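Next comes structure06.json, with JSON, C-alpha atoms.
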[["chain", "number", "residue", "atom", "x", "y", "z"],
["M", 1, "ASP", "CA", 85.10, -9.83, 212.95],
["M", 2, "ALA", "CA", 86.70, -11.93, 210.19],
["M", 3, "HIS", "CA", 88.05, -8.78, 208.53],
["M", 4, "PHE", "CA", 89.71, -7.56, 211.75],
["M", 5, "LYS", "CA", 91.16, -10.99, 212.53],
["M", 6, "ALA", "CA", 92.57, -11.31, 209.01],
["M", 7, "THR", "CA", 94.02, -7.80, 209.21],
["M", 8, "ALA", "CA", 95.68, -8.57, 212.55],
["M", 9, "ALA", "CA", 97.16, -11.79, 211.15],
["M", 10, "MET", "CA", 98.61, -10.01, 208.12],
["M", 11, "LYS", "CA", 99.95, -7.14, 210.20],
["M", 12, "ALA", "CA", 101.67, -9.64, 212.52],
["M", 13, "GLY", "CA", 104.13, -10.35, 209.72],
["M", 14, "PRO", "CA", 106.38, -11.36, 208.28],
["M", 15, "GLY", "CA", 106.66, -8.14, 206.32],
["M", 16, "ASP", "CA", 105.17, -4.70, 206.80],
["M", 17, "PHE", "CA", 102.68, -3.82, 204.10],
["M", 18, "PRO", "CA", 99.38, -1.98, 203.81],
["M", 19, "VAL", "CA", 96.14, -3.88, 204.38],
["M", 20, "GLY", "CA", 92.80, -2.59, 203.22],
["M", 21, "LEU", "CA", 89.50, -3.64, 201.74],
["M", 22, "THR", "CA", 87.59, -3.08, 198.52],
["M", 23, "LEU", "CA", 83.89, -2.27, 198.18],
["M", 24, "THR", "CA", 81.45, -2.28, 195.30],
["M", 25, "MET", "CA", 80.43, 1.37, 195.29],
["M", 26, "GLN", "CA", 78.00, 2.91, 192.86],
["M", 27, "ASP", "CA", 77.65, 6.69, 192.69],
["M", 28, "VAL", "CA", 74.54, 7.37, 194.77],
["M", 29, "GLN", "CA", 72.90, 10.63, 193.67],
["M", 30, "GLY", "CA", 69.95, 12.13, 195.52],
["M", 31, "VAL", "CA", 67.10, 13.48, 193.37],
["M", 32, "GLY", "CA", 64.73, 16.13, 194.70],
["M", 33, "GLU", "CA", 64.09, 17.43, 198.17],
["M", 34, "ASP", "CA", 63.81, 14.93, 201.01],
["M", 35, "ASN", "CA", 65.51, 12.24, 198.93],
["M", 36, "ALA", "CA", 66.58, 9.05, 200.68],
["M", 37, "ALA", "CA", 70.17, 9.02, 199.40],
["M", 38, "GLU", "CA", 71.77, 8.88, 202.86],
["M", 39, "ALA", "CA", 69.53, 6.03, 203.97],
["M", 40, "PHE", "CA", 70.34, 4.22, 200.72],
["M", 41, "ILE", "CA", 74.08, 4.70, 201.32],
["M", 42, "GLU", "CA", 73.69, 3.30, 204.83],
["M", 43, "SER", "CA", 71.83, 0.27, 203.48],
["M", 44, "LEU", "CA", 74.60, -0.39, 200.95],
["M", 45, "TYR", "CA", 77.69, 0.17, 203.07],
["M", 46, "GLY", "CA", 76.55, 0.13, 206.69],
["M", 47, "PRO", "CA", 79.51, -0.43, 209.02],
["M", 48, "TRP", "CA", 81.98, -0.87, 206.14],
["M", 49, "LEU", "CA", 82.54, 2.90, 205.98],
["M", 50, "GLU", "CA", 83.75, 2.90, 209.59],
["M", 51, "ILE", "CA", 85.85, -0.21, 208.99],
["M", 52, "GLY", "CA", 87.34, 1.50, 205.94],
["M", 53, "ARG", "CA", 88.49, 4.42, 208.13],
["M", 54, "GLN", "CA", 90.62, 1.95, 210.07],
["M", 55, "ALA", "CA", 92.18, 0.39, 206.97],
["M", 56, "ASP", "CA", 95.35, 1.49, 205.19],
["M", 57, "PHE", "CA", 93.52, 1.95, 201.88],
["M", 58, "LEU", "CA", 90.16, 1.45, 200.24],
["M", 59, "GLY", "CA", 89.48, -0.24, 196.92],
["M", 60, "VAL", "CA", 86.58, 1.14, 194.88],
["M", 61, "GLN", "CA", 84.64, -0.93, 192.32],
["M", 62, "THR", "CA", 82.36, 1.30, 190.24],
["M", 63, "TYR", "CA", 80.30, 0.79, 187.09],
["M", 64, "THR", "CA", 77.41, 3.29, 187.16],
["M", 65, "ARG", "CA", 75.31, 5.59, 189.29],
["M", 66, "VAL", "CA", 72.13, 5.05, 191.32],
["M", 67, "LEU", "CA", 69.52, 7.80, 191.42],
["M", 68, "VAL", "CA", 67.57, 7.96, 194.70],
["M", 69, "GLY", "CA", 64.36, 9.88, 195.31],
["M", 70, "PRO", "CA", 62.26, 10.19, 198.48],
["M", 71, "GLU", "CA", 60.88, 6.64, 198.06],
["M", 72, "GLY", "CA", 64.17, 4.93, 197.13],
["M", 73, "SER", "CA", 66.05, 4.11, 193.95],
["M", 74, "LEU", "CA", 64.80, 5.42, 190.61],
["M", 75, "ARG", "CA", 65.13, 4.12, 187.05],
["M", 76, "PRO", "CA", 67.80, 5.73, 184.87],
["M", 77, "PRO", "CA", 66.55, 8.51, 182.57],
["M", 78, "LYS", "CA", 64.50, 7.16, 179.64],
["M", 79, "ASP", "CA", 67.01, 8.40, 177.07],
["M", 80, "ALA", "CA", 70.06, 7.06, 178.94],
["M", 81, "GLU", "CA", 72.45, 4.81, 177.04],
["M", 82, "ARG", "CA", 72.58, 1.31, 178.54],
["M", 83, "THR", "CA", 75.52, -1.07, 178.61],
["M", 84, "GLY", "CA", 75.37, -4.75, 177.77],
["M", 85, "ALA", "CA", 74.88, -5.44, 181.49],
["M", 86, "GLY", "CA", 71.84, -3.16, 181.59],
["M", 87, "TYR", "CA", 73.58, -0.39, 183.54],
["M", 88, "GLU", "CA", 73.35, 3.25, 182.60],
["M", 89, "PHE", "CA", 76.46, 4.28, 180.63],
["M", 90, "TYR", "CA", 77.73, 6.80, 183.16],
["M", 91, "PRO", "CA", 81.54, 6.83, 183.49],
["M", 92, "GLN", "CA", 81.35, 9.97, 185.64],
["M", 93, "ALA", "CA", 80.22, 7.65, 188.45],
["M", 94, "LEU", "CA", 83.84, 6.70, 189.12],
["M", 95, "GLY", "CA", 84.75, 10.27, 189.98],
["M", 96, "GLY", "CA", 81.75, 10.39, 192.29],
["M", 97, "THR", "CA", 82.71, 7.28, 194.22],
["M", 98, "ILE", "CA", 86.39, 8.25, 194.47],
["M", 99, "ARG", "CA", 85.35, 11.60, 195.94],
["M", 100, "PHE", "CA", 82.81, 9.95, 198.24],
["M", 101, "ALA", "CA", 85.40, 7.48, 199.53],
["M", 102, "ALA", "CA", 88.04, 10.17, 200.00],
["M", 103, "GLU", "CA", 85.60, 12.36, 201.93],
["M", 104, "ARG", "CA", 83.94, 9.70, 204.05],
["M", 105, "ILE", "CA", 86.89, 7.36, 204.61],
["M", 106, "GLY", "CA", 89.97, 9.52, 204.10],
["M", 107, "ARG", "CA", 92.34, 6.78, 202.95],
["M", 108, "PRO", "CA", 94.30, 6.26, 199.72],
["M", 109, "ILE", "CA", 92.04, 4.97, 196.96],
["M", 110, "PHE", "CA", 92.69, 2.04, 194.64],
["M", 111, "VAL", "CA", 90.28, 1.70, 191.72],
["M", 112, "THR", "CA", 90.05, -2.08, 191.75],
["M", 113, "GLU", "CA", 87.28, -2.43, 189.14],
["M", 114, "SER", "CA", 85.65, -0.23, 186.53],
["M", 115, "GLY", "CA", 84.53, -1.23, 183.06],
["M", 116, "ILE", "CA", 81.72, -1.70, 180.59],
["M", 117, "ALA", "CA", 79.93, -4.67, 179.07],
["M", 118, "THR", "CA", 79.48, -3.98, 175.36],
["M", 119, "ASP", "CA", 79.91, -5.51, 171.93],
["M", 120, "ASP", "CA", 80.72, -2.05, 170.51],
["M", 121, "ASP", "CA", 84.39, -1.56, 171.30],
["M", 122, "THR", "CA", 84.23, 2.12, 170.35],
["M", 123, "ARG", "CA", 81.97, 2.60, 173.40],
["M", 124, "ARG", "CA", 84.51, 0.75, 175.56],
["M", 125, "ILE", "CA", 87.20, 3.15, 174.36],
["M", 126, "ALA", "CA", 84.92, 6.10, 175.09],
["M", 127, "TYR", "CA", 84.26, 4.70, 178.57],
["M", 128, "ILE", "CA", 87.98, 4.26, 179.25],
["M", 129, "GLU", "CA", 88.71, 7.82, 178.14],
["M", 130, "ALA", "CA", 85.92, 9.20, 180.32],
["M", 131, "VAL", "CA", 86.76, 7.23, 183.49],
["M", 132, "LEU", "CA", 90.44, 8.09, 183.19],
["M", 133, "ASP", "CA", 89.48, 11.76, 182.87],
["M", 134, "GLU", "CA", 87.61, 11.34, 186.16],
["M", 135, "VAL", "CA", 90.66, 9.75, 187.81],
["M", 136, "ARG", "CA", 92.93, 12.51, 186.52],
["M", 137, "GLN", "CA", 90.62, 15.22, 187.85],
["M", 138, "CYS", "CA", 90.43, 13.56, 191.27],
["M", 139, "MET", "CA", 94.22, 13.37, 191.40],
["M", 140, "ALA", "CA", 94.51, 17.01, 190.29],
["M", 141, "ASP", "CA", 92.22, 17.90, 193.20],
["M", 142, "GLY", "CA", 94.64, 16.25, 195.62],
["M", 143, "ILE", "CA", 92.94, 12.89, 196.15],
["M", 144, "GLU", "CA", 95.45, 10.07, 196.56],
["M", 145, "VAL", "CA", 94.40, 7.62, 193.83],
["M", 146, "LYS", "CA", 96.93, 4.79, 193.66],
["M", 147, "SER", "CA", 95.63, 2.59, 190.82],
["M", 148, "PHE", "CA", 93.15, 2.04, 188.03],
["M", 149, "LEU", "CA", 92.28, -1.55, 187.10],
["M", 150, "TYR", "CA", 89.95, -2.04, 184.15],
["M", 151, "TRP", "CA", 87.42, -4.89, 184.47],
["M", 152, "SER", "CA", 88.29, -7.06, 182.80],
["M", 153, "LEU", "CA", 91.22, -8.25, 180.75],
["M", 154, "LEU", "CA", 89.27, -11.15, 179.23],
["M", 155, "ASP", "CA", 85.67, -11.69, 178.28],
["M", 156, "ASN", "CA", 84.67, -13.88, 181.20],
["M", 157, "PHE", "CA", 81.94, -15.96, 182.80],
["M", 158, "GLU", "CA", 79.88, -13.18, 184.37],
["M", 159, "TRP", "CA", 77.87, -14.53, 187.30],
["M", 160, "THR", "CA", 74.29, -15.43, 186.30],
["M", 161, "SER", "CA", 74.78, -13.93, 182.82],
["M", 162, "GLY", "CA", 77.28, -16.59, 181.77],
["M", 163, "TYR", "CA", 79.33, -15.67, 178.72],
["M", 164, "GLY", "CA", 76.75, -13.27, 177.27],
["M", 165, "GLN", "CA", 78.21, -10.02, 178.66],
["M", 166, "HIS", "CA", 81.53, -8.89, 177.20],
["M", 167, "PHE", "CA", 83.52, -6.74, 179.60],
["M", 168, "GLY", "CA", 86.93, -7.79, 178.27],
["M", 169, "LEU", "CA", 89.70, -5.92, 176.53],
["M", 170, "VAL", "CA", 90.46, -9.28, 174.93],
["M", 171, "SER", "CA", 87.86, -11.51, 173.30],
["M", 172, "VAL", "CA", 87.91, -15.23, 174.02],
["M", 173, "ASP", "CA", 86.57, -17.85, 171.62],
["M", 174, "PRO", "CA", 84.59, -20.22, 173.91],
["M", 175, "GLN", "CA", 85.34, -23.21, 171.68],
["M", 176, "THR", "CA", 89.04, -22.80, 170.90],
["M", 177, "PHE", "CA", 89.91, -20.41, 173.78],
["M", 178, "GLN", "CA", 91.82, -18.24, 171.30],
["M", 179, "ARG", "CA", 92.36, -14.79, 172.72],
["M", 180, "THR", "CA", 92.22, -11.71, 170.48],
["M", 181, "PRO", "CA", 93.05, -8.22, 171.77],
["M", 182, "LYS", "CA", 90.38, -5.66, 170.93],
["M", 183, "PRO", "CA", 91.22, -2.09, 169.83],
["M", 184, "SER", "CA", 90.36, -1.00, 173.39],
["M", 185, "ALA", "CA", 93.21, -3.17, 174.74],
["M", 186, "LEU", "CA", 95.67, -1.42, 172.46],
["M", 187, "HIS", "CA", 94.17, 1.94, 173.38],
["M", 188, "LEU", "CA", 94.50, 1.40, 177.14],
["M", 189, "GLY", "CA", 97.93, -0.13, 176.67],
["M", 190, "GLY", "CA", 99.08, 2.95, 174.78],
["M", 191, "ILE", "CA", 97.87, 5.20, 177.60],
["M", 192, "ALA", "CA", 99.72, 3.06, 180.15],
["M", 193, "ARG", "CA", 102.95, 2.96, 178.14],
["M", 194, "ALA", "CA", 102.87, 6.73, 177.68],
["M", 195, "GLY", "CA", 102.35, 7.27, 181.42],
["M", 196, "ALA", "CA", 99.36, 9.42, 180.49],
["M", 197, "ILE", "CA", 97.74, 9.18, 183.89]]

Translate this structure into structure tokens?
Amino acid sequence: DAHFKATAAMKAGPGDFPVGLTLTMQDVQGVGEDNAAEAFIESLYGPWLEIGRQADFLGVQTYTRVLVGPEGSLRPPKDAERTGAGYEFYPQALGGTIRFAAERIGRPIFVTESGIATDDDTRRIAYIEAVLDEVRQCMADGIEVKSFLYWSLLDNFEWTSGYGQHFGLVSVDPQTFQRTPKPSALHLGGIARAGAI
């Protein structure tokens, strides 16, 4: 109700601009016969998929995948690389959620969050390369992807994890607040300046 009232207020003007919503969407992958992936999707998104169909665009926030068997969610594979946040390192998840949103909602897609918590910046660069490959492939397949926003610019206070997880392209000294761009910031900046997506 609040979403529809806010949308109506914004659409009333002044101005004429698109109004949408953004959802945290992990790539839900069914495993085995009679898996519960669809029930899991319903439990995550419920009516928001229908609301999204009435919006002008949908924002997608994706960090990993969720494997779902007949009894519910499963642990990542034993040999899977984990990020500093404990997620499976699985940048292909972004392509999965973009495709899911395009198929189920049918609106232009804004990637409003995707990133990795790590202290190994080479893995952040690898993640950026891989997620941008996913975005490029989705666009090549005709999906209207309007943006990619990396999470996050700065190492930040991350919910209950405090300052222990480092998602940022720029490190922040918690005592002096000095900000230092990481190699990944320069890498992503070079891609953006070259218009390579």

Residue nearest Val68 in chain M - candidates M:Gly96, M:Pro91, M:Gly32, M:Gly84, atoms counted: only C-alpha atoms:
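Checking each candidate against Val68 in chain M, we get M:Gly32 as the closest.
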
So, with only C-alpha atoms as the atoms that count, which of M:Ser161, M:Thr176, M:Ser43, M:Ser171 lies closest to Gly72 in chain M?
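The closest residue to Gly72 in chain M is M:Ser43.
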
What's the separation between CA of Phe89 in chain M and CA of Ile116 in chain M, in Å to one decimal place?
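One can read the CA of Phe89 in chain M to CA of Ile116 in chain M distance as 8.0 Å.
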
Edge lengths and centre in Å, axis-aligned, range 35-38 of chain M plus 3 Å each side, as lines of an AutoDock Vina configuration file:
center_x = 68.6
center_y = 10.6
center_z = 200.9
size_x = 12.3
size_y = 9.4
size_z = 9.9

For Lys182 in chain M, list every protein, DNA or RNA residue within 9 Å, evaluated using only C-alpha atoms, and leave out those in the same chain fewer than 6 positions away; present the list as a VMD selection string.
chain M and resid 121 168 to 171

To one decimal place in Å, what is the distance between CA of Pro77 in chain M and CA of Thr64 in chain M?
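Those two atoms sit 12.9 Å apart.
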
Among listed residues M:Lys11, M:Tyr127, M:Val172, M:Ala37, nearest Glu81 in chain M (using all atoms listed in the file)
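For Glu81 in chain M, the nearest of the candidates is M:Tyr127.
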
Measure the distance from CA of Arg104 in chain M to CA of Gly142 in chain M in Å and round it to one decimal.
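So the two atoms, CA of Arg104 in chain M and CA of Gly142 in chain M, lie 15.1 Å apart.
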
Given only C-alpha atoms as the basis, pick out the residue of M:Ala102, M:Leu149, M:Ala9, M:Ala85 nearest to Asp119 in chain M.
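Using only C-alpha atoms, Asp119 in chain M sits closest to M:Ala85.
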
For Leu188 in chain M, which of M:Ile128, M:Leu74, M:Val31, M:Met10 is the closest residue, counting all atoms listed in the file?
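Counting all atoms listed in the file, the residue closest to Leu188 in chain M is M:Ile128.
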
Counting all atoms listed in the file, which residues sit no farther than 12 Å from the position (82.0, 0.7, 206.1) in the file's frame? I'd like them as a PyMOL selection string.
chain M and resi 3+20-25+41-55+58-59+101+104-105

Tell me which of M:Leu94, M:Ala192, M:Val66, M:Thr180 sits closest to Gly30 in chain M, counting all atoms listed in the file.
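Among M:Leu94, M:Ala192, M:Val66, M:Thr180, it is M:Val66 that comes nearest to Gly30 in chain M.
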
Give me, as JSON, numbers by chain, all polymer residues having an atom no more than 12 Å from Arg136 in chain M, counting all atoms listed in the file and skipping those fewer than 5 positions away in the same chain.
{"M": [92, 94, 95, 98, 129, 130, 131, 141, 142, 143, 144, 145, 146, 147, 148, 195, 196, 197]}

Here's a test: counting only C-alpha atoms, identify every protein, DNA and RNA residue with an atom at most 9 Å from (83.2, -2.3, 190.4) in the file's coordinate frame, and state them as a list in words.
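Here is the list of nearby residues: Leu23, Thr24, Met25, Gln26, Val60, Gln61, Thr62, Tyr63, Thr64, Val111, Thr112, Glu113, Ser114, Gly115 and Trp151 of chain M.
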
Where atoms are missing, can you supply N, CA and C atoms for range 33-64 of chain M and output the lot as an mmCIF file, in the coordinates of the input?
data_model
loop_
_atom_site.group_PDB
_atom_site.id
_atom_site.type_symbol
_atom_site.label_atom_id
_atom_site.label_comp_id
_atom_site.auth_asym_id
_atom_site.auth_seq_id
_atom_site.Cartn_x
_atom_site.Cartn_y
_atom_site.Cartn_z
ATOM 1 N N GLU M 33 64.049 17.169 196.740
ATOM 2 C CA GLU M 33 64.090 17.430 198.170
ATOM 3 C C GLU M 33 63.651 16.187 198.938
ATOM 4 N N ASP M 34 64.166 16.055 200.136
ATOM 5 C CA ASP M 34 63.810 14.930 201.010
ATOM 6 C C ASP M 34 64.109 13.578 200.370
ATOM 7 N N ASN M 35 65.150 13.529 199.523
ATOM 8 C CA ASN M 35 65.510 12.240 198.930
ATOM 9 C C ASN M 35 66.126 11.334 200.002
ATOM 10 N N ALA M 36 66.129 10.058 199.707
ATOM 11 C CA ALA M 36 66.580 9.050 200.680
ATOM 12 C C ALA M 36 68.002 8.566 200.390
ATOM 13 N N ALA M 37 68.823 9.442 199.788
ATOM 14 C CA ALA M 37 70.170 9.020 199.400
ATOM 15 C C ALA M 37 70.999 8.550 200.595
ATOM 16 N N GLU M 38 70.950 9.272 201.701
ATOM 17 C CA GLU M 38 71.770 8.880 202.860
ATOM 18 C C GLU M 38 71.325 7.541 203.436
ATOM 19 N N ALA M 39 70.032 7.326 203.479
ATOM 20 C CA ALA M 39 69.530 6.030 203.970
ATOM 21 C C ALA M 39 69.937 4.917 203.011
ATOM 22 N N PHE M 40 69.934 5.214 201.717
ATOM 23 C CA PHE M 40 70.340 4.220 200.720
ATOM 24 C C PHE M 40 71.817 3.882 200.876
ATOM 25 N N ILE M 41 72.640 4.915 201.092
ATOM 26 C CA ILE M 41 74.080 4.700 201.320
ATOM 27 C C ILE M 41 74.288 3.825 202.549
ATOM 28 N N GLU M 42 73.562 4.106 203.602
ATOM 29 C CA GLU M 42 73.690 3.300 204.830
ATOM 30 C C GLU M 42 73.298 1.853 204.570
ATOM 31 N N SER M 43 72.254 1.646 203.769
ATOM 32 C CA SER M 43 71.830 0.270 203.480
ATOM 33 C C SER M 43 72.857 -0.477 202.641
ATOM 34 N N LEU M 44 73.577 0.247 201.779
ATOM 35 C CA LEU M 44 74.600 -0.390 200.950
ATOM 36 C C LEU M 44 75.867 -0.704 201.723
ATOM 37 N N TYR M 45 76.343 0.264 202.487
ATOM 38 C CA TYR M 45 77.690 0.170 203.070
ATOM 39 C C TYR M 45 77.693 -0.074 204.563
ATOM 40 N N GLY M 46 76.644 0.360 205.262
ATOM 41 C CA GLY M 46 76.550 0.130 206.690
ATOM 42 C C GLY M 46 77.864 0.360 207.421
ATOM 43 N N PRO M 47 78.304 -0.624 208.213
ATOM 44 C CA PRO M 47 79.510 -0.430 209.020
ATOM 45 C C PRO M 47 80.808 -0.431 208.211
ATOM 46 N N TRP M 48 80.737 -0.778 206.910
ATOM 47 C CA TRP M 48 81.980 -0.870 206.140
ATOM 48 C C TRP M 48 82.660 0.486 205.979
ATOM 49 N N LEU M 49 81.907 1.574 206.057
ATOM 50 C CA LEU M 49 82.540 2.900 205.980
ATOM 51 C C LEU M 49 83.433 3.133 207.194
ATOM 52 N N GLU M 50 82.932 2.758 208.376
ATOM 53 C CA GLU M 50 83.750 2.900 209.590
ATOM 54 C C GLU M 50 84.941 1.959 209.555
ATOM 55 N N ILE M 51 84.736 0.741 209.103
ATOM 56 C CA ILE M 51 85.850 -0.210 208.990
ATOM 57 C C ILE M 51 86.886 0.323 208.006
ATOM 58 N N GLY M 52 86.422 0.924 206.919
ATOM 59 C CA GLY M 52 87.340 1.500 205.940
ATOM 60 C C GLY M 52 88.221 2.585 206.528
ATOM 61 N N ARG M 53 87.689 3.352 207.485
ATOM 62 C CA ARG M 53 88.490 4.420 208.130
ATOM 63 C C ARG M 53 89.660 3.849 208.922
ATOM 64 N N GLN M 54 89.560 2.591 209.300
ATOM 65 C CA GLN M 54 90.620 1.950 210.070
ATOM 66 C C GLN M 54 91.598 1.175 209.196
ATOM 67 N N ALA M 55 91.320 1.119 207.899
ATOM 68 C CA ALA M 55 92.180 0.390 206.970
ATOM 69 C C ALA M 55 93.289 1.295 206.449
ATOM 70 N N ASP M 56 94.271 0.706 205.779
ATOM 71 C CA ASP M 56 95.350 1.490 205.190
ATOM 72 C C ASP M 56 94.963 2.082 203.840
ATOM 73 N N PHE M 57 94.001 1.455 203.174
ATOM 74 C CA PHE M 57 93.520 1.950 201.880
ATOM 75 C C PHE M 57 92.133 1.385 201.632
ATOM 76 N N LEU M 58 91.455 1.967 200.640
ATOM 77 C CA LEU M 58 90.160 1.450 200.240
ATOM 78 C C LEU M 58 90.160 1.217 198.731
ATOM 79 N N GLY M 59 89.686 0.049 198.331
ATOM 80 C CA GLY M 59 89.480 -0.240 196.920
ATOM 81 C C GLY M 59 88.049 0.097 196.533
ATOM 82 N N VAL M 60 87.886 0.717 195.369
ATOM 83 C CA VAL M 60 86.580 1.140 194.880
ATOM 84 C C VAL M 60 86.281 0.379 193.583
ATOM 85 N N GLN M 61 85.107 -0.239 193.523
ATOM 86 C CA GLN M 61 84.640 -0.930 192.320
ATOM 87 C C GLN M 61 83.384 -0.202 191.842
ATOM 88 N N THR M 62 83.463 0.448 190.687
ATOM 89 C CA THR M 62 82.360 1.300 190.240
ATOM 90 C C THR M 62 82.059 1.083 188.765
ATOM 91 N N TYR M 63 80.743 0.970 188.465
ATOM 92 C CA TYR M 63 80.300 0.790 187.090
ATOM 93 C C TYR M 63 79.271 1.811 186.633
ATOM 94 N N THR M 64 78.484 2.378 187.557
ATOM 95 C CA THR M 64 77.410 3.290 187.160
ATOM 96 C C THR M 64 76.974 4.107 188.364
#
